[in-house]
>>> print(open('work_6.csv').read())   # CSV, C-alpha atoms
chain,number,residue,atom,x,y,z
Z,324,MET,CA,-15.0,18.5,-16.7
Z,325,THR,CA,-14.5,19.2,-13.0
Z,326,GLY,CA,-15.6,15.6,-12.2
Z,327,LEU,CA,-13.1,14.2,-14.7
Z,328,ARG,CA,-10.3,16.3,-13.3
Z,329,ALA,CA,-11.2,15.1,-9.8
Z,330,TRP,CA,-11.4,11.5,-10.9
Z,331,MET,CA,-8.0,11.7,-12.6
Z,332,GLY,CA,-6.5,13.4,-9.6
Z,333,ALA,CA,-5.4,16.5,-11.5
Z,334,ASP,CA,-3.0,17.8,-8.9
Z,335,PRO,CA,0.2,18.9,-10.6
Z,336,GLY,CA,2.2,19.5,-7.4
Z,337,GLY,CA,1.0,16.2,-5.8
Z,338,ALA,CA,1.8,14.1,-8.8
Z,339,ALA,CA,5.2,15.6,-9.5
Z,340,GLN,CA,6.2,15.3,-5.8
Z,341,ALA,CA,5.1,11.7,-5.6
Z,342,VAL,CA,7.1,10.8,-8.8
Z,343,ARG,CA,10.2,12.5,-7.4
Z,344,GLN,CA,9.8,10.7,-4.1
Z,345,HIS,CA,9.3,7.2,-5.5
Z,346,ALA,CA,11.2,7.3,-8.8
Z,347,GLY,CA,14.0,9.7,-8.0
Z,348,CYS,CA,17.0,9.6,-5.8
Z,349,SER,CA,19.6,12.0,-4.4
Z,350,PRO,CA,23.1,12.3,-5.9
Z,351,ARG,CA,24.5,10.3,-3.0
Z,352,GLN,CA,21.9,7.5,-3.4
Z,353,LEU,CA,22.7,7.4,-7.2
Z,354,GLY,CA,26.4,7.1,-6.5
Z,355,LEU,CA,25.9,4.3,-4.0
Z,356,SER,CA,23.6,2.5,-6.4
Z,357,VAL,CA,26.2,2.7,-9.2
Z,358,VAL,CA,28.9,1.4,-6.9
Z,359,LEU,CA,26.6,-1.5,-5.8
Z,360,VAL,CA,25.7,-2.4,-9.4
Z,361,GLY,CA,29.4,-2.4,-10.3
Z,362,LEU,CA,30.4,-4.6,-7.4
Z,363,THR,CA,27.5,-7.0,-8.1
Z,364,SER,CA,28.5,-7.2,-11.8
Z,365,ALA,CA,32.1,-7.8,-11.0
Z,366,LEU,CA,31.2,-10.5,-8.5
Z,367,ALA,CA,29.0,-12.2,-11.1
Z,368,PHE,CA,31.8,-12.2,-13.7
Z,369,GLN,CA,34.2,-13.5,-11.2
Z,370,LEU,CA,31.9,-16.4,-10.3
Z,371,ARG,CA,30.9,-16.8,-14.0
Z,372,ALA,CA,27.3,-16.5,-13.0
Z,373,TYR,CA,26.4,-15.2,-16.4
Z,374,THR,CA,22.7,-16.3,-16.2
Z,375,TRP,CA,22.2,-14.3,-13.0
Z,376,LEU,CA,24.1,-11.4,-14.5
Z,377,ALA,CA,21.8,-11.4,-17.5
Z,378,LEU,CA,18.7,-11.6,-15.3
Z,379,PHE,CA,20.1,-8.8,-13.2
Z,380,ALA,CA,20.6,-6.5,-16.2
Z,381,ALA,CA,17.2,-7.5,-17.7
Z,382,LEU,CA,15.4,-6.4,-14.5
Z,383,LEU,CA,17.4,-3.4,-13.6
Z,384,VAL,CA,17.9,-1.6,-16.9
Z,385,PRO,CA,14.2,-1.3,-17.9
Z,386,LEU,CA,13.2,-0.4,-14.3
Z,387,GLY,CA,15.8,2.4,-14.3
Z,388,GLY,CA,14.6,3.5,-17.7
Z,389,THR,CA,11.0,3.7,-16.6
Z,390,ALA,CA,11.9,5.7,-13.5
Z,391,GLY,CA,14.0,8.0,-15.6
Z,392,LEU,CA,11.2,8.6,-18.2
Z,393,LEU,CA,8.8,9.4,-15.4
Z,394,LEU,CA,11.2,12.0,-13.9
Z,395,LEU,CA,11.8,13.4,-17.4
Z,396,MET,CA,8.1,13.9,-17.9
Z,397,GLN,CA,7.8,15.8,-14.6
Z,398,SER,CA,10.8,18.0,-15.2
Z,399,SER,CA,10.4,18.8,-18.9
Z,400,TRP,CA,6.7,19.1,-19.7
Z,401,PRO,CA,4.4,21.0,-17.3
Z,402,ALA,CA,1.4,19.5,-19.0
Z,403,THR,CA,2.4,16.0,-17.9
Z,404,ARG,CA,2.6,16.9,-14.2
Z,405,THR,CA,-0.7,15.4,-13.4
Z,406,TRP,CA,-1.8,12.0,-12.1
Z,407,GLY,CA,-3.6,11.3,-15.4
Z,408,ALA,CA,-0.4,11.8,-17.4
Z,409,VAL,CA,1.6,9.7,-14.9
Z,410,TRP,CA,-0.8,6.7,-15.3
Z,411,ALA,CA,-1.0,7.2,-19.1
Z,412,GLY,CA,2.8,7.1,-19.2
Z,413,LEU,CA,3.0,4.0,-17.0
Z,414,MET,CA,0.4,2.2,-19.3
Z,415,VAL,CA,3.0,2.6,-22.1
Z,416,PHE,CA,6.2,2.2,-20.1
Z,417,VAL,CA,5.2,-1.0,-18.2
Z,418,PRO,CA,4.6,-3.2,-21.3
Z,419,VAL,CA,7.6,-1.7,-23.1
Z,420,SER,CA,9.8,-2.4,-20.1
Z,421,ALA,CA,8.6,-5.9,-19.8
Z,422,VAL,CA,9.3,-6.6,-23.5
Z,423,SER,CA,12.7,-4.9,-23.1
Z,424,ALA,CA,13.6,-7.1,-20.1
Z,425,GLY,CA,12.9,-10.2,-22.2
Z,426,TRP,CA,14.9,-8.9,-25.1
Z,427,ILE,CA,17.9,-7.9,-22.9
Z,428,TYR,CA,17.8,-11.3,-21.1
Z,429,ALA,CA,17.7,-13.2,-24.4
Z,430,ALA,CA,20.4,-11.0,-26.0
Z,431,CYS,CA,22.8,-11.4,-23.0
Z,432,LEU,CA,22.4,-15.2,-22.9
Z,433,SER,CA,22.8,-15.6,-26.7
Z,434,GLN,CA,26.2,-13.8,-26.5
Z,435,ILE,CA,27.5,-16.6,-24.3
Z,436,GLY,CA,25.8,-19.4,-26.2
Z,437,ILE,CA,23.0,-20.3,-23.7
Z,438,ASP,CA,19.5,-21.2,-25.0
Z,439,VAL,CA,16.7,-19.0,-23.6
Z,440,LEU,CA,13.9,-21.0,-22.1
Z,441,ASN,CA,12.1,-18.6,-19.7
Z,442,GLU,CA,12.0,-15.3,-21.5
Z,443,ARG,CA,8.3,-14.8,-20.7
Z,444,GLN,CA,9.0,-15.4,-17.0
Z,445,VAL,CA,11.5,-12.6,-17.1
Z,446,MET,CA,9.0,-10.3,-18.7
Z,447,ALA,CA,6.4,-11.1,-16.1
Z,448,ALA,CA,9.0,-10.6,-13.3
Z,449,GLU,CA,9.9,-7.2,-14.8
Z,450,ALA,CA,6.3,-6.1,-14.9
Z,451,ALA,CA,5.7,-7.3,-11.3
Z,452,LEU,CA,8.9,-5.5,-10.2
Z,453,ILE,CA,7.7,-2.2,-11.7
Z,454,MET,CA,4.3,-2.6,-10.2
Z,455,LEU,CA,5.7,-3.3,-6.8
Z,456,LEU,CA,8.3,-0.5,-6.8
Z,457,LEU,CA,6.5,2.2,-8.8
Z,458,LEU,CA,2.9,1.6,-9.5
Z,459,LEU,CA,1.8,0.6,-6.0
Z,460,PRO,CA,3.7,3.4,-4.2
Z,461,LEU,CA,2.4,6.0,-6.7
Z,462,TRP,CA,-1.2,4.7,-6.3
Z,463,MET,CA,-0.9,4.9,-2.5
Z,464,SER,CA,0.5,8.5,-2.9
Z,465,GLN,CA,-2.4,9.5,-5.1
Z,466,HIS,CA,-4.9,8.0,-2.7
Z,467,HIS,CA,-3.3,9.9,0.2
Z,468,ALA,CA,-3.3,13.1,-1.8
Z,469,ARG,CA,-6.9,12.7,-2.8
Z,470,ALA,CA,-7.9,12.0,0.9
Z,471,LEU,CA,-5.9,15.1,2.0
Z,472,ARG,CA,-7.5,17.2,-0.7
Z,473,LEU,CA,-11.0,16.1,0.3
Z,474,ALA,CA,-10.2,16.9,3.9
Z,475,GLN,CA,-9.0,20.3,2.9
Z,476,LEU,CA,-12.1,20.9,0.9
Z,477,SER,CA,-14.3,19.7,3.8
Z,478,GLN,CA,-12.5,22.0,6.1
Z,479,ALA,CA,-12.9,24.9,3.8
Z,480,ALA,CA,-16.6,24.2,3.4
Z,481,LEU,CA,-17.0,24.0,7.1
Z,482,ALA,CA,-15.2,27.3,7.6
Z,483,SER,CA,-17.4,28.9,4.9
Z,484,ASP,CA,-20.6,27.5,6.6
Z,485,LEU,CA,-19.5,28.8,10.0
Z,486,LYS,CA,-18.7,32.2,8.5
Z,487,ALA,CA,-22.2,32.3,6.9
Z,488,LEU,CA,-23.9,31.3,10.2
Z,489,GLN,CA,-21.9,33.8,12.1
Z,490,ALA,CA,-22.8,36.5,9.6
Z,491,GLN,CA,-26.5,35.7,10.2
Z,492,ILE,CA,-26.2,36.3,13.9
Z,493,GLU,CA,-24.3,39.6,13.8
Z,494,PRO,CA,-27.1,41.8,12.5
Z,495,HIS,CA,-29.6,39.9,14.6
Z,496,PHE,CA,-27.6,40.6,17.8
Z,497,LEU,CA,-26.9,44.3,16.9
Z,498,TYR,CA,-30.5,44.9,15.9
Z,499,ASN,CA,-31.8,43.7,19.3
Z,500,THR,CA,-29.2,45.7,21.2
Z,501,LEU,CA,-30.0,48.9,19.3
Z,502,ALA,CA,-33.7,48.3,19.6
Z,503,ASN,CA,-33.4,48.1,23.4
Z,504,THR,CA,-31.4,51.4,23.4
Z,505,ARG,CA,-34.2,53.0,21.4
Z,506,TYR,CA,-36.8,51.8,23.9
Z,507,LEU,CA,-34.9,53.3,26.8
Z,508,VAL,CA,-34.5,56.7,25.0
Z,509,ARG,CA,-38.2,56.8,24.4
Z,510,HIS,CA,-39.4,55.7,27.8
Z,511,GLN,CA,-36.6,56.6,30.3
Z,512,PRO,CA,-34.8,59.6,28.8
Z,513,GLU,CA,-33.2,60.4,32.1
Z,514,ARG,CA,-31.2,57.3,31.8
Z,515,ALA,CA,-30.4,57.5,28.1
Z,516,VAL,CA,-27.0,59.0,28.5
Z,517,GLU,CA,-26.0,56.3,31.0
Z,518,MET,CA,-27.3,53.6,28.7
Z,519,LEU,CA,-25.5,55.0,25.7
Z,520,ASP,CA,-22.2,55.1,27.6
Z,521,HIS,CA,-22.6,51.5,28.5
Z,522,LEU,CA,-23.6,50.6,25.0
Z,523,ILE,CA,-20.6,52.4,23.5
Z,524,ALA,CA,-18.2,50.6,25.9
Z,525,TYR,CA,-19.9,47.3,25.2
Z,526,LEU,CA,-19.7,47.6,21.4
Z,527,ARG,CA,-16.1,48.8,21.6
Z,528,SER,CA,-15.4,45.5,23.3
Z,529,VAL,CA,-17.5,43.2,21.2
Z,530,LEU,CA,-17.1,44.5,17.6
Z,531,PRO,CA,-13.5,43.3,17.2
Z,532,ASP,CA,-14.6,39.8,18.0
Z,533,LEU,CA,-17.5,39.7,15.5
Z,534,ARG,CA,-15.2,38.6,12.6
Z,535,SER,CA,-12.9,36.4,14.7
Z,536,PRO,CA,-13.1,32.7,13.9
Z,537,MET,CA,-13.1,31.7,17.6
Z,538,SER,CA,-13.4,33.3,21.0
Z,539,THR,CA,-13.2,31.8,24.5
Z,540,LEU,CA,-15.8,30.8,27.0
Z,541,GLY,CA,-14.6,33.3,29.5
Z,542,ARG,CA,-14.8,36.1,26.9
Z,543,GLU,CA,-18.3,35.0,25.9
Z,544,CYS,CA,-19.5,35.0,29.5
Z,545,GLU,CA,-18.0,38.4,30.0
Z,546,LEU,CA,-19.9,39.8,27.0
Z,547,ALA,CA,-23.1,38.1,28.2
Z,548,GLY,CA,-22.5,39.9,31.5
Z,549,HIS,CA,-22.1,43.3,29.8
Z,550,TYR,CA,-25.3,42.7,27.8
Z,551,LEU,CA,-27.3,41.8,30.9
Z,552,GLU,CA,-25.9,44.8,32.7
Z,553,LEU,CA,-27.3,46.9,29.8
Z,554,MET,CA,-30.6,45.2,30.1
Z,555,ALA,CA,-30.5,45.8,33.9
Z,556,ILE,CA,-30.3,49.5,33.2
Z,557,ARG,CA,-33.4,49.3,31.1
Z,558,TYR,CA,-35.5,47.1,33.4
Z,559,GLY,CA,-34.2,48.5,36.6
Z,560,GLU,CA,-35.1,46.5,39.8
Z,561,ARG,CA,-37.1,44.0,37.8
Z,562,LEU,CA,-33.9,42.3,36.5
Z,563,SER,CA,-31.2,40.7,38.6
Z,564,VAL,CA,-28.1,39.3,36.9
Z,565,GLN,CA,-25.8,36.5,37.9
Z,566,VAL,CA,-22.8,35.5,35.8
Z,567,HIS,CA,-20.2,32.9,36.9
Z,568,CYS,CA,-17.6,31.0,34.8
Z,569,ASP,CA,-15.2,28.6,36.5
Z,570,ASN,CA,-11.5,29.3,36.1
Z,571,ASP,CA,-10.7,25.9,34.6
Z,572,VAL,CA,-13.1,26.6,31.6
Z,573,GLN,CA,-12.5,30.3,30.9
Z,574,GLY,CA,-9.8,29.6,28.3
Z,575,LEU,CA,-11.8,27.1,26.3
Z,576,THR,CA,-12.4,28.0,22.7
Z,577,LEU,CA,-15.9,28.8,21.6
Z,578,PRO,CA,-17.4,30.4,18.5
Z,579,PRO,CA,-18.1,34.2,18.9
Z,580,LEU,CA,-21.6,35.2,20.1
Z,581,MET,CA,-22.5,31.6,20.9
Z,582,LEU,CA,-24.1,32.6,24.2
Z,583,MET,CA,-25.8,35.8,23.1
Z,584,PRO,CA,-28.8,34.2,21.5
Z,585,LEU,CA,-29.4,32.2,24.8
Z,586,VAL,CA,-29.1,35.3,26.9
Z,587,GLU,CA,-31.3,37.4,24.5
Z,588,ASN,CA,-33.9,34.6,24.5
Z,589,ALA,CA,-34.0,34.7,28.3
Z,590,VAL,CA,-34.5,38.5,28.3
Z,591,GLN,CA,-37.1,38.4,25.5
Z,592,HIS,CA,-39.2,35.5,26.8
Z,593,GLY,CA,-38.4,35.7,30.5
Z,594,VAL,CA,-38.0,39.3,31.5
Z,595,GLU,CA,-39.9,41.4,29.0
Z,596,PRO,CA,-43.4,39.8,29.4
Z,597,HIS,CA,-43.1,39.3,33.1
Z,598,ALA,CA,-44.4,41.9,35.5
Z,599,GLY,CA,-42.4,40.9,38.6
Z,600,PRO,CA,-38.7,40.6,39.3
Z,601,VAL,CA,-36.7,38.2,37.3
Z,602,THR,CA,-33.2,36.7,37.7
Z,603,VAL,CA,-31.1,35.7,34.7
Z,604,ALA,CA,-28.2,33.4,35.7
Z,605,VAL,CA,-25.3,32.4,33.4
Z,606,SER,CA,-23.0,29.7,34.6
Z,607,ALA,CA,-20.2,27.6,33.0
Z,608,GLN,CA,-18.5,24.7,34.7
Z,609,ARG,CA,-16.7,21.4,33.9
Z,610,THR,CA,-18.2,18.1,34.6
Z,611,GLN,CA,-15.7,15.3,34.0
Z,612,ASP,CA,-15.0,15.4,30.2
Z,613,ARG,CA,-17.9,17.8,29.5
Z,614,VAL,CA,-18.4,21.5,29.7
Z,615,GLN,CA,-21.9,22.6,30.9
Z,616,VAL,CA,-23.0,26.1,30.1
Z,617,MET,CA,-26.4,27.2,31.4
Z,618,VAL,CA,-28.6,30.3,30.9
Z,619,ARG,CA,-31.5,30.2,33.4
Z,620,ASP,CA,-34.3,32.6,34.2
Z,621,ASN,CA,-37.3,32.5,36.5
Z,622,GLY,CA,-39.4,34.8,34.4
Z,623,ALA,CA,-42.5,34.3,32.3
Z,624,GLY,CA,-41.3,31.1,30.6
Z,625,VAL,CA,-42.1,30.3,27.0
Z,626,GLY,CA,-45.9,29.9,27.3
Z,627,ASN,CA,-47.3,28.4,24.1
Z,628,ALA,CA,-44.2,29.0,22.1
Z,629,VAL,CA,-42.1,26.1,20.9
Z,630,LEU,CA,-38.9,25.7,22.8
Z,631,GLY,CA,-35.9,26.5,20.7
Z,632,SER,CA,-37.8,27.6,17.6
Z,633,GLY,CA,-36.2,31.0,17.3
Z,634,VAL,CA,-33.7,32.0,14.6
Z,635,GLY,CA,-30.9,32.7,17.1
Z,636,LEU,CA,-31.3,29.3,18.8
Z,637,ARG,CA,-31.5,27.5,15.4
Z,638,ASN,CA,-28.3,29.3,14.5
Z,639,VAL,CA,-26.6,28.1,17.6
Z,640,ARG,CA,-27.6,24.5,16.9
Z,641,GLN,CA,-26.3,24.7,13.3
Z,642,ARG,CA,-22.9,26.1,14.5
Z,643,LEU,CA,-22.7,23.4,17.1
Z,644,ASP,CA,-23.4,20.7,14.6
Z,645,ALA,CA,-20.9,22.1,12.1
Z,646,LEU,CA,-18.1,22.3,14.7
Z,647,TYR,CA,-18.7,19.4,17.0
Z,648,GLY,CA,-21.3,17.1,15.4
Z,649,PRO,CA,-23.1,14.9,17.9
Z,650,ALA,CA,-20.5,15.6,20.6
Z,651,ALA,CA,-22.3,18.8,21.5
Z,652,ASN,CA,-25.9,19.8,22.0
Z,653,LEU,CA,-28.3,22.5,23.1
Z,654,ARG,CA,-31.2,21.6,25.3
Z,655,LEU,CA,-34.0,23.9,26.4
Z,656,SER,CA,-36.3,22.9,29.2
Z,657,MET,CA,-38.7,24.4,31.8
Z,658,GLY,CA,-38.5,22.9,35.3
Z,659,ALA,CA,-41.3,22.4,37.8
Z,660,ASP,CA,-39.7,25.3,39.9
Z,661,GLY,CA,-40.6,27.7,37.1
Z,662,TRP,CA,-37.0,28.2,35.8
Z,663,THR,CA,-36.4,28.1,32.1
Z,664,THR,CA,-33.0,26.6,31.2
Z,665,ALA,CA,-31.0,26.7,28.1
Z,666,GLU,CA,-28.2,24.1,28.6
Z,667,LEU,CA,-25.2,24.1,26.2
Z,668,THR,CA,-23.1,20.9,26.5
Z,669,LEU,CA,-19.6,20.8,24.9
Z,670,PRO,CA,-16.8,18.2,24.8
Z,671,PHE,CA,-14.0,19.5,27.0
Z,672,SER,CA,-11.2,18.0,24.9
Z,673,LEU,CA,-12.5,19.6,21.6
Z,674,THR,CA,-13.0,23.0,23.2
Z,675,SER,CA,-9.6,23.3,24.9
Z,676,SER,CA,-7.6,26.3,23.8
Z,677,SER,CA,-4.5,24.3,23.7
>>> encode(input="work_6.csv", output="structure tokens")
Amino acid sequence: MTGLRAWMGADPGGAAQAVRQHAGCSPRQLGLSVVLVGLTSALAFQLRAYTWLALFAALLVPLGGTAGLLLLMQSSWPATRTWGAVWAGLMVFVPVSAVSAGWIYAACLSQIGIDVLNERQVMAAEAALIMLLLLLPLWMSQHHARALRLAQLSQAALASDLKALQAQIEPHFLYNTLANTRYLVRHQPERAVEMLDHLIAYLRSVLPDLRSPMSTLGRECELAGHYLELMAIRYGERLSVQVHCDNDVQGLTLPPLMLMPLVENAVQHGVEPHAGPVTVAVSAQRTQDRVQVMVRDNGAGVGNAVLGSGVGLRNVRQRLDALYGPAANLRLSMGADGWTTAELTLPFSLTSSS
């Protein structure tokens, strides 16, 4: 049933609006049309162009009747305010109008004693006129309405997908943060109060953004810096933090918590298993029409693990694909210098906050 409704274009508002647009007219337009018809008829009588007058009446009257019936359907019966009803009505009105045109033409000429030789041509001309002035514009309107509806459904589905993906990452992020806090309470109780103060301040800052549809790159870098500062309290001198975001990209829109899985990945795989000092560097800059965001660390690396196989990184890729398609990507690599890099590339024009 849903498929049938979609095929018929069951969109009451769209059908009624299209009929009013193509079959209706304003009072001023109606008045001007009446004046024009009157002047044309008077001129035809003056010139004794009765054949042309008959043809004019044969084409105009059925066309106006068809338009009037379509408008009456839309204004009087709510059940007919669908595309299916419009096309069903036209399937009846078009042949009736064509036959009426031939009858009017023959009747007018018979009144002045002229034999009718081309009645069928008048009927064909009437049918063609209705198709040109009503059927074709209505078909184009329905096609446009269907395309717009599909675009709206696609946008709604995308928003739903993004919301679901964002909902996946929220508990993942919060769990990791609280787990780190628990670790500090157990192993470094003297710094527990300081850690909790930082955590409370951080959560007060980040929680309002968790349900927001979009954030900014500057905001995400700031949150990444807060998180790394929390981790620096836990790891002490083992962890050094560097965060830099160029001014010209700070206002660019970005989904919330897009950078956090990259930063958490650097801490989990780079800092935690490494015995020596580690630096985690976050940077964001514009390169021509691209925005390059990198999270780098010189820690333990990924070892035998598969690059980018984690849930958080898979979530980032899915959100990138849903928002930007092939125009954005996430690449993880390990350089010869021992630095592990997560590089996020975004199109500058699509991420602009303007």
>>> atom_distance(input="work_6.csv", atom1="CA of Ala390 (chain Z)", atom2="CA of Gly347 (chain Z)")
7.1 Å
>>> atom_distance(input="work_6.csv", atom1="CA of His597 (chain Z)", atom2="CA of Thr668 (chain Z)")
28.0 Å
>>> atom_distance(input="work_6.csv", atom1="CA of Leu669 (chain Z)", atom2="CA of Arg654 (chain Z)")
11.6 Å
>>> residues_around(input="work_6.csv", residues="Trp462 (chain Z)", least_positions_apart="6", cutoff="12 Å", atoms="all atoms listed in the file", output="PyMOL selection string")
chain Z and resi 331-332+337-338+341-342+345+406-407+409-410+413+454-456+468-469
>>> residues_around(input="work_6.csv", residues="region 539-549 of chain Z", least_positions_apart="5", cutoff="8 Å", atoms="all atoms listed in the file", output="short mmCIF file (atom, residue, chain, number, x, y, z; two decimals) with C-alpha atoms, in the coordinates of the input")
data_model
loop_
_atom_site.label_atom_id
_atom_site.label_comp_id
_atom_site.auth_asym_id
_atom_site.auth_seq_id
_atom_site.Cartn_x
_atom_site.Cartn_y
_atom_site.Cartn_z
CA TYR Z 525 -19.90 47.30 25.20
CA VAL Z 529 -17.50 43.20 21.20
CA VAL Z 564 -28.10 39.30 36.90
CA GLN Z 565 -25.80 36.50 37.90
CA VAL Z 566 -22.80 35.50 35.80
CA HIS Z 567 -20.20 32.90 36.90
CA CYS Z 568 -17.60 31.00 34.80
CA VAL Z 572 -13.10 26.60 31.60
CA GLN Z 573 -12.50 30.30 30.90
CA GLY Z 574 -9.80 29.60 28.30
CA LEU Z 575 -11.80 27.10 26.30
CA THR Z 576 -12.40 28.00 22.70
CA LEU Z 577 -15.90 28.80 21.60
CA PRO Z 578 -17.40 30.40 18.50
CA PRO Z 579 -18.10 34.20 18.90
CA LEU Z 580 -21.60 35.20 20.10
CA MET Z 581 -22.50 31.60 20.90
CA LEU Z 582 -24.10 32.60 24.20
CA MET Z 583 -25.80 35.80 23.10
CA VAL Z 586 -29.10 35.30 26.90
CA VAL Z 605 -25.30 32.40 33.40
CA SER Z 676 -7.60 26.30 23.80
#
